[in-house]
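**Q** One structure coming up, written as C-alpha cells, with questions to follow.
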Amino acid sequence: MLKISNLHASVNDKAILKGINLEVKPGEVHAIMGPNGSGKSTLASVIAGKEEYEVTEGSISFGGDILDEMDAEERAHKGIFLSFQYPIEIPGVSVTNFIKTAINETRKAKGLDNMPAKEMLKMIREKSEMLAIDRKFLSRSLNEGFSGGEKKRNEIFQMAMLEPKLAILDETDSGLDIDALRIVADGVNKFKSKDNAVIVITHYQRLLDHIVPDFVHVIHNGRIVKTGTKELAYELEEKGYDWIKEEEANA
Amino acid sequence: MELKDKLVTSFMAFEDRIDVDSPVHDIRSEAMKTFEADGFPGKKNEDWKYTSLKSVLKHDYSVFPKQENHIDYQAVKKYFIHDIDTYKIVFVDGKYSSYLSETTHEGIDVCLMSSALNKPKYRLIIENYFNKIAGKDSITSLNTAFSQEGAYIHIPKNKLVAKPIQIIHFATGNESALMLQPRNLIVVDENSHVQIIERHQSLTDNPVLTNSVTEIYSNKRAIVDYYKIQNDNENASLIDNTFVNQKRESHSSVHTFSFGGKLTRNNLSFFQNGERIDSTLKGVTIIGKKQHVDHNTLVHHIEPNCESHQDYKGIYADSSSGVFNGKVLVSKEAQKTNAFQANNNILLSDKASINTKPQLEIFADDVKCTHGCTIGQLDESAMFYMRSRGIPEKEAKALLMFAFSNNVLSSVKIPEIKERITKIIANKLGVNIGFDL
C-alpha cells in the first residue's frame with residue numbers, strides 16, 4: 001500500500017529525513033517512535049504533502065501511484081489521512097460544514113455526486129456517538145476554543161467520516177487523559193480493517209496498549225534505526241531512547 | 001468642458017425647470033455655491049488622500065438623461081431580492097419607474113422625493129428634516145444642489161413595517177456616460193421598525209458615476225436596518241454619502257457589502273443625539289483587478305450611555321486597493337460611551353493594498369473605546385490542514401475567506417439577503433460550494 005524508499009527531505013535547506021525506508025501493507029498497524037526532533041512529524045507531513053518540505057532524494061508510492069508531485073488534496077483523495085499533532089483552529093467554519101465540504105470535494109474528485117444530506121447526517125450521528133462527541137460541539141467553529149482532548153477526538157471523528165486507506169496519527173495521544181485516550185483508541189480500532197492501514201506516531205508506549213502495533217520502528221536522526229514488534233515499545237518505555245542513541249553512535 | 005463647469009452651467013438650467021418657490025430652493029442655491037467654491041475634492045484634501053477621483057471625473061457625463069428608458073422586469077429580476085415580498089422604489093437612468101416599483105401610502109409613505117418636495121402634505125417633514133444632517137462638504141453639497149429625485153420614506157410612530165423596502169437604481173447605458181445624483185430621505189418615527197435595501201446597478205459597460213446622498217432619521221426607540229449591496233460592473237463608480245441621526249434608545253445599523261464597481265467611496269456618518277442609542281456599522285469588501293473601495297466612517301457620540309459597533313472586513317486580490325478611515329468622536333458629555341471598532345484585512349497579492357486609519361477623538365473621561373486593525377495573508381497552516389482533508393486549494397481559500405467575513409454576515413437579519421450575499425461571494429471567489437456555516 002505505502003512504500004517509502006530512501007526518502008530524504010529537508011526544510012529551509014536543513015536535512016531532516018536522511019534515508020527512510022518503510023513499507024506498510026493493508027491490515028497493518030505500524031508504530032513510529034523516537035526522541036524529540038528525530039523526524040517523526042516531518043515524515044508524517046511529507047507523506048501528507050506539506051509544501052514546505054522538499055523531497056531531495058528517494059520517493060513515496062501509495063497504492064501504485066508516485067506521490068512526489070501530488071498536492072495535499074490529491075493525496076487525501078487517494079485515501080491518505082493525517083491526524084495533526086496540533087489541529088488548526090479555523091474560526092467561522094463549523095465542524096459539520098468542514099467535514100461535509102471535505103467529503104463532497106473528495107467525492108467530486110472521484111466523479112461522484114454529493115453525498116445525500118440524509119446519509120451524511122446519519123453518518124455524522126453514528127461517528128460522533130462512537131467518539132462520544134456532543135451534537136452541540138459539531139456546530140462550533142472548527143477547533144476554536146477546543147480543549148486538547150476535544151481537538152484530538154475531533155481529528156479521529158474526521159478520520160472516521162473520511163474513511164481513508166491510510167491513517168497517520170501524529171501524537172494523537174498527547175494531551176489526552178486516560179478516558180479520552182480510551183475513546184480515541186476505540187475509534188481507531190473500530191476503523192481498522194484488513195483493507196486499511198494505520199501509522200501511529202508516538203513518544204510513549206501507553207497508546208500502544210490500546211492500539212496494538214504489528215511493527216514498531218524507531219527513528220533517530222532522520223533514519224529508522226531499529227524495527228521490531230510491540231515488545232520493542234516496552235523496551236523503549238523502560239530504558240528510554242539513550243541506548244538507541246548509543247547503539248547508533250557505536251555502529 | 002470640465003465636469004465641474006458642466007455641472008455649474010447645468011445648475012442654471014435645472015433651476016429654471018423646477019419650482020423656485022419650493023422650500024428647498026434656497027438650500028439648493030447655497031449648496032451650489034459651496035460646490036462652485038470648493039469643487040471636487042483632490043488629493044490635498046486629507047479625507048481624500050488615498051482615493052483619487054481623477055480617473056472617474058474624466059468622462060463626459062450626461063447630467064440630465066433626456067428620455068425615460070424602459071427595461072423589462074425579467075432582464076433585471078436577478079438584481080432584486082425577489083424571493084420575498086418587498087416594497088420597491090426603482091429608478092431607471094435617474095427617472096422613477098412606476099412599472100418596476102411598488103410604493104405605498106397606506107399608513108406609511110414609501111414613495112418619491114420629487115413628490116415629497118412638491119406636495120404640500122409633505123411640507124412639514126421636508127422643512128423639519130431635509131438637509132438637516134447631510135454634510136456641508138462639496139460632494140454632498142453637489143448632490144444637495146441637484147436634489148430632486150430619490151426615495152422618500154416616512155414611517156409614522158408605532159409601525160412595524162413587515163415588508164423590507166428596496167431602493168434600486170438602474171443605468172441602461174443609453175447614454176454614453178451618465179451621472180446620477182439620487183437623494184433619499186428616510187424618517188422613522190417613535191417605536192417604528194423598518195428594513196431597507198439599496199442597490200445601484202449599471203446594465204452595460206458605459207461609465208456611470210453616482211453621487212448619492214441619504215439622510216436617515218431614527219427617532220425615539222426606532223429600529224432601522226439598512227443594507228447596501230454594491231456589486232456594480234467595472235465601469236460604474238459610486239460616491240455614497242449616508243447620514244444617520246439617532247434619537248434616544250434607537251437602534252440603527254448599516255451593512256455595506258462591496259464587491260463590484262470601479263471606484264466606491266462610502267461616507268457613512270452617525271450622530272447620536274440622545275441616550276442609550278445603539279449604532280452598528282459593518283461591511284465586507286471583496287475586490288480584485290484594479291477596483292478601489294474606500295470606507296470613511298464617523299460615529300459622533302454626543303450624549304451619555306450609548307454604544308457603537310464597527311466591524312469591517314476586507315479581502316483584496318490583484319491590484320485592488322482599499323481604504324478604511326474610521327473616526328470615533330466622543331464629546332465631553334458622552335460619558336459611559338462604549339465604542340468598538342475593528343478593521344481586518346487580507347491581502348491576497350503583492351500588488352494589492354490597504355490604507356487603514358482609526359481616528360479616535362475622546363473628550364469624555366469615563367468611556368470604553370476599543371479599536372483594532374489587522375492586515376494579513378491567508379493562514380498557510382490552515383490551508384494545509386484543509387487541503388490534507390481533501391479540500392482543494394481554491395475551495396479551501398474560499399472557505400477561509402468566507403469564514404473571515406462571516407462575523408459581519410451573521411448580523412444580517414434578512415435570511416434572503418444573507419443567502420444572496422453568500423452567492424455573490426461564492427461567485428466572486430469562483431467556487432461552487434455552499435457556505436451554510
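Scheme for the C-alpha cells: letters A, B, ... for chains in order shown; per-chain residue numbers from 1; ligand numbers from 1 in order shown.
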Select from chain A every residue with an atom at most 10 Å from any atom of chain B, then for each give the shortest pair of atoms and their distance in Å to one decimal, using only C-alpha atoms, rows by chain and rising number, as JSON lines.

**A**
{"residue": "A:Ser45", "atom": "CA", "partner": "B:Ser388", "partner_atom": "CA", "distance": 9.5}
{"residue": "A:Ala48", "atom": "CA", "partner": "B:Ser388", "partner_atom": "CA", "distance": 6.4}
{"residue": "A:Gly49", "atom": "CA", "partner": "B:Ser388", "partner_atom": "CA", "distance": 7.6}
{"residue": "A:Lys50", "atom": "CA", "partner": "B:Phe384", "partner_atom": "CA", "distance": 6.6}
{"residue": "A:Glu51", "atom": "CA", "partner": "B:Phe384", "partner_atom": "CA", "distance": 8.3}
{"residue": "A:Asp71", "atom": "CA", "partner": "B:Arg387", "partner_atom": "CA", "distance": 8.2}
{"residue": "A:Ala72", "atom": "CA", "partner": "B:Ser388", "partner_atom": "CA", "distance": 5.0}
{"residue": "A:Glu73", "atom": "CA", "partner": "B:Gly390", "partner_atom": "CA", "distance": 4.3}
{"residue": "A:Glu74", "atom": "CA", "partner": "B:Gly390", "partner_atom": "CA", "distance": 6.9}
{"residue": "A:Arg75", "atom": "CA", "partner": "B:Ser388", "partner_atom": "CA", "distance": 7.5}
{"residue": "A:Ala76", "atom": "CA", "partner": "B:Gly390", "partner_atom": "CA", "distance": 4.8}
{"residue": "A:His77", "atom": "CA", "partner": "B:Gly390", "partner_atom": "CA", "distance": 5.7}
{"residue": "A:Lys78", "atom": "CA", "partner": "B:Gly390", "partner_atom": "CA", "distance": 9.1}
{"residue": "A:Gly79", "atom": "CA", "partner": "B:Gly390", "partner_atom": "CA", "distance": 9.1}
{"residue": "A:Ile80", "atom": "CA", "partner": "B:Ser388", "partner_atom": "CA", "distance": 8.2}
{"residue": "A:Phe81", "atom": "CA", "partner": "B:Arg389", "partner_atom": "CA", "distance": 6.9}
{"residue": "A:Leu82", "atom": "CA", "partner": "B:Ser388", "partner_atom": "CA", "distance": 7.1}
{"residue": "A:Ser83", "atom": "CA", "partner": "B:Ser388", "partner_atom": "CA", "distance": 9.4}
{"residue": "A:Phe84", "atom": "CA", "partner": "B:Tyr385", "partner_atom": "CA", "distance": 8.1}
{"residue": "A:Pro87", "atom": "CA", "partner": "B:Tyr385", "partner_atom": "CA", "distance": 7.7}
{"residue": "A:Ile88", "atom": "CA", "partner": "B:Ala382", "partner_atom": "CA", "distance": 5.9}
{"residue": "A:Glu89", "atom": "CA", "partner": "B:Ala382", "partner_atom": "CA", "distance": 7.5}
{"residue": "A:Ile90", "atom": "CA", "partner": "B:Ala382", "partner_atom": "CA", "distance": 7.0}
{"residue": "A:Pro91", "atom": "CA", "partner": "B:Ala403", "partner_atom": "CA", "distance": 6.6}
{"residue": "A:Gly92", "atom": "CA", "partner": "B:Ala403", "partner_atom": "CA", "distance": 4.3}
{"residue": "A:Val93", "atom": "CA", "partner": "B:Ala403", "partner_atom": "CA", "distance": 5.7}
{"residue": "A:Ser94", "atom": "CA", "partner": "B:Leu437", "partner_atom": "CA", "distance": 5.9}
{"residue": "A:Val95", "atom": "CA", "partner": "B:Leu437", "partner_atom": "CA", "distance": 9.2}
{"residue": "A:Thr96", "atom": "CA", "partner": "B:Leu437", "partner_atom": "CA", "distance": 8.4}
{"residue": "A:Asn97", "atom": "CA", "partner": "B:Leu437", "partner_atom": "CA", "distance": 6.1}
{"residue": "A:Phe98", "atom": "CA", "partner": "B:Met386", "partner_atom": "CA", "distance": 8.4}
{"residue": "A:Ile99", "atom": "CA", "partner": "B:Arg389", "partner_atom": "CA", "distance": 8.4}
{"residue": "A:Lys100", "atom": "CA", "partner": "B:Gly434", "partner_atom": "CA", "distance": 9.9}
{"residue": "A:Thr101", "atom": "CA", "partner": "B:Ile391", "partner_atom": "CA", "distance": 7.0}
{"residue": "A:Ala102", "atom": "CA", "partner": "B:Ile391", "partner_atom": "CA", "distance": 5.3}
{"residue": "A:Ile103", "atom": "CA", "partner": "B:Gly390", "partner_atom": "CA", "distance": 7.5}
{"residue": "A:Asn104", "atom": "CA", "partner": "B:Ile391", "partner_atom": "CA", "distance": 8.7}
{"residue": "A:Glu105", "atom": "CA", "partner": "B:Ile391", "partner_atom": "CA", "distance": 5.8}
{"residue": "A:Thr106", "atom": "CA", "partner": "B:Gly390", "partner_atom": "CA", "distance": 5.6}
{"residue": "A:Arg107", "atom": "CA", "partner": "B:Gly390", "partner_atom": "CA", "distance": 9.4}
{"residue": "A:Ala109", "atom": "CA", "partner": "B:Gly390", "partner_atom": "CA", "distance": 8.9}
{"residue": "A:Ser139", "atom": "CA", "partner": "B:Leu437", "partner_atom": "CA", "distance": 8.3}
{"residue": "A:Arg140", "atom": "CA", "partner": "B:Leu437", "partner_atom": "CA", "distance": 9.5}
{"residue": "A:Ser141", "atom": "CA", "partner": "B:Leu437", "partner_atom": "CA", "distance": 8.8}
{"residue": "A:Gln158", "atom": "CA", "partner": "B:Arg389", "partner_atom": "CA", "distance": 8.5}
{"residue": "A:Met159", "atom": "CA", "partner": "B:Arg389", "partner_atom": "CA", "distance": 9.0}
{"residue": "A:Leu162", "atom": "CA", "partner": "B:Arg389", "partner_atom": "CA", "distance": 8.2}
{"residue": "A:Pro164", "atom": "CA", "partner": "B:Arg389", "partner_atom": "CA", "distance": 10.0}

**Q** Those same residues, written as a PDB file, in the first residue's frame with C-alpha atoms?

**A**
ATOM      1  CA  SER A  45       3.906  15.837   6.929  1.00  0.00           C
ATOM      2  CA  ALA A  48       0.588  14.129   3.574  1.00  0.00           C
ATOM      3  CA  GLY A  49       2.151  16.569   1.095  1.00  0.00           C
ATOM      4  CA  LYS A  50       3.122  19.648   3.086  1.00  0.00           C
ATOM      5  CA  GLU A  51       4.761  22.036   0.631  1.00  0.00           C
ATOM      6  CA  ASP A  71      -0.820  18.187  -3.967  1.00  0.00           C
ATOM      7  CA  ALA A  72      -2.048  17.529  -0.447  1.00  0.00           C
ATOM      8  CA  GLU A  73      -5.678  17.385  -1.602  1.00  0.00           C
ATOM      9  CA  GLU A  74      -4.903  14.789  -4.282  1.00  0.00           C
ATOM     10  CA  ARG A  75      -3.225  12.605  -1.681  1.00  0.00           C
ATOM     11  CA  ALA A  76      -6.288  12.962   0.525  1.00  0.00           C
ATOM     12  CA  HIS A  77      -8.481  11.955  -2.402  1.00  0.00           C
ATOM     13  CA  LYS A  78      -6.303   8.834  -2.849  1.00  0.00           C
ATOM     14  CA  GLY A  79      -7.030   7.905   0.769  1.00  0.00           C
ATOM     15  CA  ILE A  80      -4.271   9.368   2.912  1.00  0.00           C
ATOM     16  CA  PHE A  81      -5.308  10.979   6.184  1.00  0.00           C
ATOM     17  CA  LEU A  82      -3.095  12.795   8.650  1.00  0.00           C
ATOM     18  CA  SER A  83      -4.339  13.403  12.174  1.00  0.00           C
ATOM     19  CA  PHE A  84      -2.492  16.565  13.191  1.00  0.00           C
ATOM     20  CA  PRO A  87      -5.011  20.685  14.825  1.00  0.00           C
ATOM     21  CA  ILE A  88      -5.513  24.151  13.347  1.00  0.00           C
ATOM     22  CA  GLU A  89      -8.250  26.463  14.607  1.00  0.00           C
ATOM     23  CA  ILE A  90     -10.488  27.758  11.832  1.00  0.00           C
ATOM     24  CA  PRO A  91     -12.869  30.392  13.181  1.00  0.00           C
ATOM     25  CA  GLY A  92     -16.128  30.741  11.279  1.00  0.00           C
ATOM     26  CA  VAL A  93     -16.165  27.231   9.766  1.00  0.00           C
ATOM     27  CA  SER A  94     -18.243  24.728  11.720  1.00  0.00           C
ATOM     28  CA  VAL A  95     -17.113  21.140  12.255  1.00  0.00           C
ATOM     29  CA  THR A  96     -20.130  19.896  10.295  1.00  0.00           C
ATOM     30  CA  ASN A  97     -19.645  22.226   7.364  1.00  0.00           C
ATOM     31  CA  PHE A  98     -15.973  21.432   7.204  1.00  0.00           C
ATOM     32  CA  ILE A  99     -16.428  17.682   7.133  1.00  0.00           C
ATOM     33  CA  LYS A 100     -19.284  17.982   4.624  1.00  0.00           C
ATOM     34  CA  THR A 101     -17.084  20.045   2.330  1.00  0.00           C
ATOM     35  CA  ALA A 102     -14.165  17.617   2.729  1.00  0.00           C
ATOM     36  CA  ILE A 103     -16.330  14.588   1.936  1.00  0.00           C
ATOM     37  CA  ASN A 104     -18.071  16.179  -1.024  1.00  0.00           C
ATOM     38  CA  GLU A 105     -14.872  17.591  -2.518  1.00  0.00           C
ATOM     39  CA  THR A 106     -13.319  14.115  -2.248  1.00  0.00           C
ATOM     40  CA  ARG A 107     -16.377  12.628  -3.959  1.00  0.00           C
ATOM     41  CA  ALA A 109     -12.603  14.387  -7.324  1.00  0.00           C
ATOM     42  CA  SER A 139     -21.885  23.342  15.168  1.00  0.00           C
ATOM     43  CA  ARG A 140     -18.962  25.097  16.811  1.00  0.00           C
ATOM     44  CA  SER A 141     -16.134  26.643  14.824  1.00  0.00           C
ATOM     45  CA  GLN A 158     -12.913  13.321  10.772  1.00  0.00           C
ATOM     46  CA  MET A 159     -10.877  10.194  10.079  1.00  0.00           C
ATOM     47  CA  LEU A 162     -13.473  10.269   5.582  1.00  0.00           C
ATOM     48  CA  PRO A 164      -9.141   6.767   4.450  1.00  0.00           C
TER      49      PRO A 164
END

**Q** Name all residues at most 9 Å from Lys152 of chain A (count only C-alpha atoms; drop same-chain ones fewer than 2 positions away) and give them as a list in words.

**A**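 These residues fall inside the cut-off: Ser83, Phe84, Gln85, Tyr86, Pro87, Ser147, Gly148, Gly149, Glu150, Asn154, Glu155, Ile156, Phe157, Thr172, Asp173, Ser174, Gly175, Leu176, Ala180 and Val184 of chain A.
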
**Q** Check segment 129-188 of chain A with DSSP on the backbone and list each residue it calls strand (DSSP E or B), as a list in words.

**A**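 Here is the list: Ser141, Leu142, Leu166, Ala167, Ile168, Leu169 and Asp170 of chain A.
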
**Q** Which one is closest to Glu235 of chain A: A:Ser59, A:Gln205, A:Ser41, A:Asn250? Count only C-alpha atoms.

**A**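 Using only C-alpha atoms, the shortest distance to Glu235 of chain A belongs to A:Gln205.
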
**Q** With only C-alpha atoms as the counted atoms, please give the residues lying no more than 10 Å from segment 45-48 of chain B, apart from itself and same-chain residues fewer than 6 positions off, as a list in words.

**A**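 The filter keeps Arg265, Asp294, Asn296, Val323 and Asn325 of chain B.
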
**Q** Those same residues - C-alpha atoms - I'd like them written as a compact mmCIF listing (two decimals), in the first residue's frame.

**A**
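Saved the output as part16.txt:
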# COMPACT_ATOMS: atom_id res chain seq x y z
CA ARG B 265 -16.43 55.65 -1.71
CA ASP B 294 -12.95 53.38 0.46
CA ASN B 296 -14.92 56.61 5.53
CA VAL B 323 -9.13 52.41 2.44
CA ASN B 325 -10.81 55.61 7.76

**Q** Taking only segment 18-97 of chain B into account, list the residues labelled alpha helix (DSSP H) by DSSP (computed from the backbone), as a ChimeraX atom specification.

**A** /B:25-38,54-57,73-76

**Q** Expressed in Å to a single decimal, how great is the separation between atom CA of Lys247 of chain B and atom CA of Gln272 of chain B?

**A**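 So the answer is 6.6 Å.
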
**Q** What's around Asn191 of chain B at 9 Å? Count only C-alpha atoms, leave out sequence neighbours fewer than 5 positions away in its own chain, and write the answer as a list in words.

**A**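 Selected residues are Pro156, Lys157, Asn158, Lys159, Leu160, Asn219, Lys220, Arg221, Ala222, Ile223 and Ser250 of chain B.
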
**Q** As an exercise, work out the distance from atom CA of His25 of chain B to atom CA of Ala13 of chain B in Å and give it to one decimal place.

**A**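 According to the coordinates, atom CA of His25 of chain B and atom CA of Ala13 of chain B are separated by 13.7 Å.
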
**Q** At a cut-off of 12 Å, can you tabulate as JSON lines every residue of segment 73-169 of chain B near segment 234-239 of chain B together with its closest atom pair and the distance in Å to one decimal, using only C-alpha atoms and ordering rows by chain then number?

**A**
{"residue": "B:Ile139", "atom": "CA", "partner": "B:Ile239", "partner_atom": "CA", "distance": 8.5}
{"residue": "B:Thr140", "atom": "CA", "partner": "B:Ile239", "partner_atom": "CA", "distance": 9.4}
{"residue": "B:Leu142", "atom": "CA", "partner": "B:Ile239", "partner_atom": "CA", "distance": 11.5}
{"residue": "B:Asn143", "atom": "CA", "partner": "B:Ile239", "partner_atom": "CA", "distance": 10.4}
{"residue": "B:His169", "atom": "CA", "partner": "B:Leu238", "partner_atom": "CA", "distance": 11.6}

**Q** Kindly export the residues of the current selection with C-alpha atoms, as a CSV table (one decimal), in the first residue's frame.

**A**
chain,number,residue,atom,x,y,z
B,139,ILE,CA,-19.5,66.4,-2.7
B,140,THR,CA,-22.6,66.3,-0.5
B,142,LEU,CA,-23.2,69.0,-5.2
B,143,ASN,CA,-26.0,66.4,-4.6
B,169,HIS,CA,-31.1,52.5,-9.4
